[in-house]
Structure formats: C-alpha cells, structure tokens
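This report concerns only the one structure given below.
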Amino acid sequence: MKSLKTTCCLFVFLTMLCSSAAAQTEHVVGYCPEELPQSSVGLEGGELRLSAAIHLPKSKMIRYKGGQLTKIRFAVKQGFENVSVWVRTSLNSSSKIIQSVAEIENGWNEVTLNRPYPIDGEDLYIGYTATQPDGFSGIIAGGTGNEYTSWIGVDNEWADYSKYGLGILYIQGIVEADVFDQDAAMVDLSLDKQTYTADETLHIDGMLVNAGTTNISGYQLNIIVDGGIGNAYVYDEVLLPEQTETFSHTLSLAGVSEGRHELIVSVVTNDDFDQNAANDELRLPFYIYSTTYPRTLLLEHFTSLPCVNCPPVDALLEEVTEQRDDVVWISHHVGYRDDEFTLEASRNLTRFGVTGNPFIMIDRTLLDDNATVAFIIRGESAEAVNDMYFDQAAAVPAFLELSASGDAVNNVLSIHVEGEGKDYVSELYPNAMLHVLLVEDQVYTSKPQAGNANKHIHDNITRTFVTSTRGVAPQWQDDGTFQYDTTFDLPDGWRQQMLRVVAFITKAADRDSGYPTGEVLNATQARITTDLPTGIAQVESTHARDTYYNIWGQRINQPSASRGIYIVKDATGCNIKKILMK
C-alpha cells in the first residue's frame, strides 16, 4: 500500500435542486461540499498512473432510476496529465463510459458526457484516471472518508483509502431524473441459501430506503411466499430522506411443496401514500427438495516431482481415499518448479490461492475459511482429514448428476458426457460450467520423486483440459438433462488403457472478494475403452492404492521403471491381473 502525505475532515453532501414531486431536474450526487480545502493529497512513489473513485450504492441511486447521468465533476490540483473520466458498475469491471479531458483546471473540472449514462437504480462508481508526475500531489480530499468516498487505484489494484486517513474525494455526478416527494423503496433482499427442505426455515435479510424528499412516518413490511403464507411487520420509526433501514426475519416453510418458489417482500408506508410503486417490492426464487443425487467429490492435488514435502501428503491422501468411494482424484503438477507433467493450462488454477506444493482443493469450495488445504493436513490422521474436509464437502446436497464415457478408435477418442438434474437446475445454476479432462494413471518418470527415491510411477496425472480450464456451458434441456460430445486426438506415448475421462460441473467462478471460488456441483469419471491390443483379456482401472507383486509373488511398493510383467491386486482384493510395463 502506498503511503499518504496528508489528510483532511468529514462531509457528506447531496445537493437537491428541486423539491416538487416528479420534476425532471438536475441533481448533484456525491459526498463532498462545493467549497474546496486548501490542501491536497499525493501518493508517494514517483510518477504513477492512478485512479480515484466514489461508490454510489443502490440505496442512493434508486431514487434516480429512469434518469441519466449527464456530467461528472471532479476537483484536483492542476498538473495531472492524460486525464479521463469514467463510469463503472464495479471497480474491476470495464468502463461503461470513458471520456478524455483535454484541459485540467486548478480546482473543479466539469465534464459533459458525450453519451449520457442511463440510470437503472443499481450501484455505480464514477471517477477519473490520470498520470501523476513525479513529486506532484494533486488529489483533493476533505473530511473523514468512509467506505463509499475514498477509493484509489494504483497499478490496477484498488483500495479503500479512508482506512488510511484519506478524506472524501471531490467527485460528483450530475443527474437528470424525476425525484418523488414520498417514496419508500426496497433496495436489497437475500436468503441464507437457495435450497431448503420442507422442515427448514427461511432466514431473510434486506434493506429499504426513503428514496423521496420528505419524511416517511412509519411503514409495514409484507413477507410472503408465492402470494400465500407470510407475515406482516409494522414499524413506527420515522425515515428521513436517504435514510436506510435493514431488517432480518424468519419464515417457516411448513406446508410448502417441493419445487421452485418465490419469496416476495414489499414495503408500504403507514399512511399508504407512495408516489412510486415501481420500487416497493423485491422477489427471490428458492427451491424445496426432498431427494438429492449421489455426490462425487473432486480432489485436486497440486504437486510436483521436485517437491520433497509432497510424499507424506501423497501417502495421507491415499489413506484417506481408501476409506471412500466418492472421490475423483486428479493431480496438477504446478506450484513448485516445473516437471515433465506440468501443463501450462494448469497454471490458471493457481488463481484459487495455490502458492506452492503440496496443496489440495476439495470441490473448489471454501472449507474452514481456506480455499486450499496444504501443510495443515500433515500429521493428521486419515479419519481427521475425512472429518474436517471430505465429509464437510460430501454433506453439500447435489441437485444434478453426471456420467461420462470415452471410446478410442485409431487414436481418436470420442467423449460423451450426460447430465441430469432437477427440473429447475438450469435456473438454480444459470452460469454453471462443464469441465472435461483426461487423466492418466501408472505414468513413468525419468526421475524419481524428491523425498521418495523409489517412486517412478505416478497416478492421477492431468494430461489435458479437453474443455480448457474455463469449461463450457452445458446446454440444459427443458427436462433437466444435457449431453456433451467431442473428439480428441490422442498423442503417442499416452497409455490409452490407463486413461480416464473426468467430468465435473461448477458454479460460475466468484471473484468479488479474495480468491475466486467455483464450487463443484458434482463429478464423475470413466476409464476409456480402446481398440489397442494388450495381450491381456481385460484391462481394469489401477491406481495408487493397488497392491503390486513381481512374477515371483513378492510384494513390492510399486513396479520399477524397467519393463517387465507385474501382478496387480486391486483394492477390493477380488480382481487380480497382469500388467506389462513397456
């Protein structure tokens, strides 16, 4: 964080140029007064490309819905270069409007937008971007800032500088809009989750605001489901203009049937006089279920051959997965140096917070506030790791299931994936993504694993991302099913008998805060069938927990890298087969 040279004091200001109902006039929207302080604020570090912004939340902008932002005003010291003003819906999104400013005056600068921005009543950020010359302090701020007033971006990284003593930025928006005298508005509504059983309770949180210009003498909240069951709550508190109030309530779901339902929350003033009914109500869908699909967990293991700390975690994961039949295990060789299994595409997954090896992710979810689990599982028992992480993930209900198959003919692999879900699954997960990978077991290495000089054979190796790391959107049908088909040319050197098709569906990645999450909704895997001659009647899946013997019946840790015939007994102890190492 770059340090500040000086700071100043708090003002929150909104100039209303009209008091009559529904008058189309100009309104100044911001937090600063017109009078400028004498001091300015600079960021240390020489020449910088920096941005400054204020946040105009929905609770402020809903009163201007239907209007338009026509101008942006900002005050700076003369000396900034390459200045532009902009409008965004979030700090990290692309600009909806961006406009260069030819000349900068000392003090207030007013820019008329070439294309006015239509206001939909949702959150807005307005600000400017400029080059700050070395040794120049040009930002003007005053008062004591807050979470809306003092956002500074340096090198494309934003921070709330009110936490570091920066005052309110001198940035304003000029809005042309109808503003009503009396207008109670719902601005936020949320549930603790989307899916419930019929014996559970809805936990409802929300916010309303006085979006008018006069006081509201009390109001009533109506909370109902599908126009049926519900409750009413009466509040006698007076709401001043722009004043917000939050609320929390619960509602029993007893008697509500399985399927999709809608929560409806509305606000009514006690005198039943509201000039703008369009913003009085918010709705949220939720879903009640009585049955779910079996869940298969996705274990993503970040490892590498030079990692001397990886073998203990490998062994622990083998012990953990021996106790489960609901895990698909894939390994990504990234994080600590490259090796012969490293895929460039796998590096995209480090955005989930992977900083080295060994790391694991289970269903790409936040578990106990950790995006990933690494050294913290070392020294734990398999039972403890199952209890802390795997069981926690397995307890999440699954509302869809997958199946996959792969058939290789003449080195061309045909992949087929099917999905089935509740009839509301596409609405429940509108931006879900399907991921398909090829994973190979029993892969030989030219060098041994660091920390285990005898280990030359590795399982669960990610060979390719068939759908890329971003995945593809499943094409859901009305009956809650989808199919995905593709072909892939298999390279020479991949042992087709040991390849698996792995498929899983994730929620859309959430990057709003911290590490992104893309929760896995369900997973599946299937060994591919191949037309290659093997000399063995039936090729079965082998993995790290199979038991190996040489041809004299002596048990060995694993086959050596040299060619030969070995006997493998799988984890059930029922299937015994011979494998030929080539």
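Quick note on naming: the chains in the structure tokens go A, B, ... in the order shown, residues restart at 1 in each chain, and ligands are numbered from 1 in order of appearance.
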Within 12 Å of segment 393-410 of chain A: each segment 161-272 of chain A residue with its shortest pair, only C-alpha atoms, as a tab-separated table:
```
residue	atom	partner	partner_atom	distance
A:Lys193	CA	A:Val396	CA	11.8
A:Gln194	CA	A:Pro397	CA	11.5
A:Thr195	CA	A:Pro397	CA	9.0
A:Tyr196	CA	A:Pro397	CA	10.0
A:Thr197	CA	A:Pro397	CA	10.7
A:Gly259	CA	A:Phe399	CA	11.7
```
Restrict the selected residues to C-alpha atoms and save them as a PDB file, in the first residue's frame.
```pdb
ATOM      1  CA  LYS A 193     -29.182 -20.165   0.910  1.00  0.00           C
ATOM      2  CA  GLN A 194     -31.126 -21.162  -2.200  1.00  0.00           C
ATOM      3  CA  THR A 195     -32.247 -24.706  -1.392  1.00  0.00           C
ATOM      4  CA  TYR A 196     -34.193 -25.980   1.623  1.00  0.00           C
ATOM      5  CA  THR A 197     -36.026 -28.998   2.927  1.00  0.00           C
ATOM      6  CA  GLY A 259     -40.026 -27.391  -6.236  1.00  0.00           C
TER       7      GLY A 259
END
```
Original post:
What residues in segment 96-345 of chain A get the DSSP label strand (DSSP E or B)? Please answer as a PyMOL selection string.
Top reply: chain A and resi 97-100+107-118+124-132+139+141-142+151-154+157-160+168-169+171-179+184-191+195-196+201-210+216-225+230-239+244-252+259-269+281-288+293+297-302+327-332
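Closest approach to Ala184 of chain A from the set A:Asp441, A:Glu245, A:Asp531, A:Glu103 is made by A:Glu245, with distances taken over only C-alpha atoms.
The shortest atom-to-atom distance to Gly67 of chain A, with only C-alpha atoms taken into account, belongs to A:Thr25 out of A:Asn454, A:Gln132, A:Thr25, A:Thr467.
Compared by their closest atoms to Gly353 of chain A, and using only C-alpha atoms, the residues A:Thr365, A:Gln243, A:Asn231, A:Asn215 rank with A:Thr365 nearest.
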Subject >> Residue among A:Val175, A:Pro118, A:Lys60, A:Glu258 lying closest to Leu208 of chain A, counting only C-alpha atoms >> reply: A:Lys60
